[in-house]
Amino acid sequence: MRRHTLLIDADDTLWENNVFFEKLIEDFISFVEPCGYPRAFIRHVLNETERKNIRQHGYGVRSFGRSLEETYLQLAGEKVQHETLARIHGRVVDLERTPPQIMDGVPDTLAYLVQKHRLILFTKGEPAEQAAKVQRSGLQGFFEAIEIVPEKDQATYHGLVHKHKIVKTQGWMIGNSPRSDINPAVRVGLNAVYIPHANTWELEHEPVVSGSGKLMILPAFRELRTHF
Ligand SMILES: [Mg+2]
C-alpha cells in the first residue's frame, strides 16, 4: 500500500480509558443507592447530567467530576453527606492521576505503521488533560502531529483535512467510537477503520453509517499491520 495518512484516536484505541470511568461510576452508584433510588435510575440521571455538562464545559475528568457531584446533590437532597462528597472528589482526583494503560500490541504496531505512513493522533477532550496523557503514554514520537479538539464532528474533520492537506481517498480515521471516529469521518469522505472496544462509553454509541470512503472493521489494533 502506498503512503496514507492515518488519523488515530487515543482513548480506548491506544490506551484503556472508559473502563476506569465505568469502575468509578459503579462505585458512585453504590454511594448514592442508600438515598433510595434504583441503580439504573441513578445511571440515567448521571448520563443526562453529563450530556448537559459536556455541552457547557466539554469533556474531561473535571467535567465528569462535576457531573458526579451534581447528580449526588440532586438525588441526595436533604440527605447530602459531606463525607460522600469528599469520597467522590477523592476518586475523581485518583482517576485524573491514573497513568494511561497502553493496549496490547499498540507500540509495535505504531512502530510498523510509521515506517510506511503518516500518523496523526486525533483525540477530543480537555487540551491539557489529553496532552498530559499523550506525554505519559510515551507514544508521541510516532506521530507527526497531535490534534486535540473539543468535539470530533464533521467540522473538525474538515479542518484537519485542510490543515494537513490530506487526500481523502488516502486518509483513514482509526478508532473505537462510531459517533466520534467513524461516522463523521466517512461523512466527510475519509475512509475509516472501526476497532470496537467492549467498554466504549454509552454516549459514544451510534449505528455505523456508510459514506463514500471505505469502512473496515477490525477486532484489534494489531490487525492494522495486515492491512496497511
Ligand atoms: Mg476513543
# chains A, B, ... in the order shown; residues from 1 in each chain; ligands from 1

call {"tool": "residues_near_ligand", "arguments": {"ligand": "ligand 1", "cutoff": "7 Å", "atoms": "only C-alpha atoms and all ligand atoms", "output": "PyMOL selection string"}}
result
chain A and resi 9-13+175-177

call {"tool": "write_last_selection", "arguments": {"atoms": "N, CA and C atoms", "output": "mmCIF file, in the first residue's frame"}}
result
data_model
loop_
_atom_site.group_PDB
_atom_site.id
_atom_site.type_symbol
_atom_site.label_atom_id
_atom_site.label_comp_id
_atom_site.auth_asym_id
_atom_site.auth_seq_id
_atom_site.Cartn_x
_atom_site.Cartn_y
_atom_site.Cartn_z
ATOM 1 N N ASP A 9 -7.258 7.653 16.815
ATOM 2 C CA ASP A 9 -7.902 8.035 18.077
ATOM 3 C C ASP A 9 -7.025 7.556 19.240
ATOM 4 N N ALA A 10 -7.219 8.125 20.420
ATOM 5 C CA ALA A 10 -6.378 7.746 21.563
ATOM 6 C C ALA A 10 -7.147 6.928 22.613
ATOM 7 N N ASP A 11 -8.130 7.547 23.294
ATOM 8 C CA ASP A 11 -8.847 6.854 24.365
ATOM 9 C C ASP A 11 -9.582 5.617 23.840
ATOM 10 N N ASP A 12 -9.320 4.497 24.440
ATOM 11 C CA ASP A 12 -9.947 3.213 24.089
ATOM 12 C C ASP A 12 -9.582 2.715 22.687
ATOM 13 N N THR A 13 -8.543 3.346 22.123
ATOM 14 C CA THR A 13 -7.972 2.831 20.877
ATOM 15 C C THR A 13 -6.489 2.518 21.127
ATOM 16 N N GLY A 175 -10.471 4.236 14.943
ATOM 17 C CA GLY A 175 -10.892 4.433 16.327
ATOM 18 C C GLY A 175 -12.017 3.514 16.767
ATOM 19 N N ASN A 176 -12.422 3.683 18.015
ATOM 20 C CA ASN A 176 -13.413 2.792 18.627
ATOM 21 C C ASN A 176 -14.817 3.383 18.691
ATOM 22 N N SER A 177 -14.957 4.678 18.371
ATOM 23 C CA SER A 177 -16.265 5.302 18.572
ATOM 24 C C SER A 177 -17.005 5.579 17.267
#

call {"tool": "select_by_dssp", "arguments": {"residues": "stretch 82-123 of chain A", "states": "strand (DSSP E)", "output": "list in words"}}
result
Gln101, Ile102, Arg118, Leu119, Ile120, Leu121, Phe122 and Thr123 of chain A

call {"tool": "atom_distance", "arguments": {"atom1": "atom CA of A:Asp94", "atom2": "atom CA of A:Gly138"}}
result
20.5 Å

call {"tool": "atom_distance", "arguments": {"atom1": "atom CA of A:Thr156", "atom2": "atom CA of A:Leu224"}}
result
24.3 Å

call {"tool": "residues_around", "arguments": {"residues": "A:Ala198", "least_positions_apart": "2", "cutoff": "12 Å", "atoms": "only C-alpha atoms", "output": "number ranges by chain"}}
result
A: 12-13, 16-19, 22, 176-177, 195-196, 200-202, 205, 219-220

call {"tool": "write_last_selection", "arguments": {"atoms": "N, CA and C atoms", "output": "PDB file, in the first residue's frame"}}
result
ATOM      1  N   ASP A  12      -9.320   4.497  24.440  1.00  0.00           N
ATOM      2  CA  ASP A  12      -9.947   3.213  24.089  1.00  0.00           C
ATOM      3  C   ASP A  12      -9.582   2.715  22.687  1.00  0.00           C
ATOM      4  N   THR A  13      -8.543   3.346  22.123  1.00  0.00           N
ATOM      5  CA  THR A  13      -7.972   2.831  20.877  1.00  0.00           C
ATOM      6  C   THR A  13      -6.489   2.518  21.127  1.00  0.00           C
ATOM      7  N   GLU A  16      -6.438   2.144  27.453  1.00  0.00           N
ATOM      8  CA  GLU A  16      -7.712   1.952  28.141  1.00  0.00           C
ATOM      9  C   GLU A  16      -8.130   3.283  28.763  1.00  0.00           C
ATOM     10  N   ASN A  17      -9.375   3.606  28.699  1.00  0.00           N
ATOM     11  CA  ASN A  17      -9.853   4.842  29.290  1.00  0.00           C
ATOM     12  C   ASN A  17     -11.202   4.647  29.971  1.00  0.00           C
ATOM     13  N   ASN A  18     -12.192   4.248  29.170  1.00  0.00           N
ATOM     14  CA  ASN A  18     -13.547   4.224  29.723  1.00  0.00           C
ATOM     15  C   ASN A  18     -13.719   3.221  30.852  1.00  0.00           C
ATOM     16  N   VAL A  19     -12.937   2.148  30.829  1.00  0.00           N
ATOM     17  CA  VAL A  19     -13.066   1.133  31.879  1.00  0.00           C
ATOM     18  C   VAL A  19     -12.836   1.743  33.265  1.00  0.00           C
ATOM     19  N   GLU A  22     -15.965   3.709  34.127  1.00  0.00           N
ATOM     20  CA  GLU A  22     -17.071   2.796  34.447  1.00  0.00           C
ATOM     21  C   GLU A  22     -16.938   2.252  35.861  1.00  0.00           C
ATOM     22  N   ASN A 176     -12.422   3.683  18.015  1.00  0.00           N
ATOM     23  CA  ASN A 176     -13.413   2.792  18.627  1.00  0.00           C
ATOM     24  C   ASN A 176     -14.817   3.383  18.691  1.00  0.00           C
ATOM     25  N   SER A 177     -14.957   4.678  18.371  1.00  0.00           N
ATOM     26  CA  SER A 177     -16.265   5.302  18.572  1.00  0.00           C
ATOM     27  C   SER A 177     -17.005   5.579  17.267  1.00  0.00           C
ATOM     28  N   ILE A 195     -12.502  -0.125  15.197  1.00  0.00           N
ATOM     29  CA  ILE A 195     -11.998  -1.182  16.080  1.00  0.00           C
ATOM     30  C   ILE A 195     -12.853  -1.142  17.349  1.00  0.00           C
ATOM     31  N   PRO A 196     -13.928  -1.921  17.381  1.00  0.00           N
ATOM     32  CA  PRO A 196     -14.832  -1.859  18.533  1.00  0.00           C
ATOM     33  C   PRO A 196     -14.109  -2.220  19.830  1.00  0.00           C
ATOM     34  N   THR A 200     -16.688   0.697  25.253  1.00  0.00           N
ATOM     35  CA  THR A 200     -16.956   2.029  24.695  1.00  0.00           C
ATOM     36  C   THR A 200     -18.076   2.714  25.481  1.00  0.00           C
ATOM     37  N   TRP A 201     -17.839   3.973  25.766  1.00  0.00           N
ATOM     38  CA  TRP A 201     -18.753   4.792  26.557  1.00  0.00           C
ATOM     39  C   TRP A 201     -20.131   4.866  25.901  1.00  0.00           C
ATOM     40  N   GLU A 202     -21.161   4.747  26.724  1.00  0.00           N
ATOM     41  CA  GLU A 202     -22.547   4.788  26.238  1.00  0.00           C
ATOM     42  C   GLU A 202     -22.845   6.005  25.358  1.00  0.00           C
ATOM     43  N   HIS A 205     -22.079   5.633  21.613  1.00  0.00           N
ATOM     44  CA  HIS A 205     -22.764   4.626  20.791  1.00  0.00           C
ATOM     45  C   HIS A 205     -23.612   5.297  19.709  1.00  0.00           C
ATOM     46  N   PRO A 219     -10.823  -6.529  14.636  1.00  0.00           N
ATOM     47  CA  PRO A 219     -11.033  -6.935  16.033  1.00  0.00           C
ATOM     48  C   PRO A 219     -10.000  -6.366  17.004  1.00  0.00           C
ATOM     49  N   ALA A 220      -8.834  -5.955  16.501  1.00  0.00           N
ATOM     50  CA  ALA A 220      -7.797  -5.460  17.422  1.00  0.00           C
ATOM     51  C   ALA A 220      -6.842  -4.529  16.684  1.00  0.00           C
TER      52      ALA A 220
END

call {"tool": "closest_residue", "arguments": {"among": "A:Arg118, A:Arg91, A:His162, A:His44", "to": "A:Asp27", "atoms": "only C-alpha atoms"}}
result
A:Arg91

call {"tool": "select_by_dssp", "arguments": {"residues": "stretch 132-194 of chain A", "states": "alpha helix (DSSP H)", "output": "compact mmCIF listing (two decimals) with C-alpha atoms, in the first residue's frame"}}
result
# COMPACT_ATOMS: atom_id res chain seq x y z
CA ALA A 132 -0.65 15.03 29.60
CA LYS A 133 -1.99 11.57 28.73
CA VAL A 134 -0.19 11.60 25.38
CA GLN A 135 3.01 12.67 27.14
CA ARG A 136 2.75 9.93 29.75
CA SER A 137 1.92 7.28 27.17
CA GLN A 154 -17.68 16.93 10.61
CA ALA A 155 -16.38 20.49 11.04
CA THR A 156 -13.26 19.41 12.92
CA TYR A 157 -12.63 16.62 10.38
CA HIS A 158 -12.90 19.16 7.55
CA GLY A 159 -10.47 21.41 9.42
CA LEU A 160 -7.99 18.59 9.87
CA VAL A 161 -8.14 17.52 6.23
CA HIS A 162 -7.45 21.11 5.19
CA LYS A 163 -4.71 21.80 7.75
CA ASN A 183 -19.43 8.41 11.24
CA PRO A 184 -18.13 11.99 10.95
CA ALA A 185 -15.02 10.74 9.12
CA VAL A 186 -16.94 8.80 6.48
CA ARG A 187 -19.43 11.66 6.15

call {"tool": "atom_distance", "arguments": {"atom1": "atom CA of A:Phe221", "atom2": "atom CA of A:Ile146"}}
result
18.8 Å

call {"tool": "closest_residue", "arguments": {"among": "A:Ala128, A:Ile54, A:Ile148, A:Leu139", "to": "A:Trp15", "atoms": "only C-alpha atoms"}}
result
A:Leu139

call {"tool": "residues_around", "arguments": {"residues": "A:Gly58", "least_positions_apart": "2", "cutoff": "8 Å", "atoms": "only C-alpha atoms", "output": "JSON, numbers by chain"}}
result
{"A": [53, 54, 55, 56, 60, 63, 125, 126, 150]}
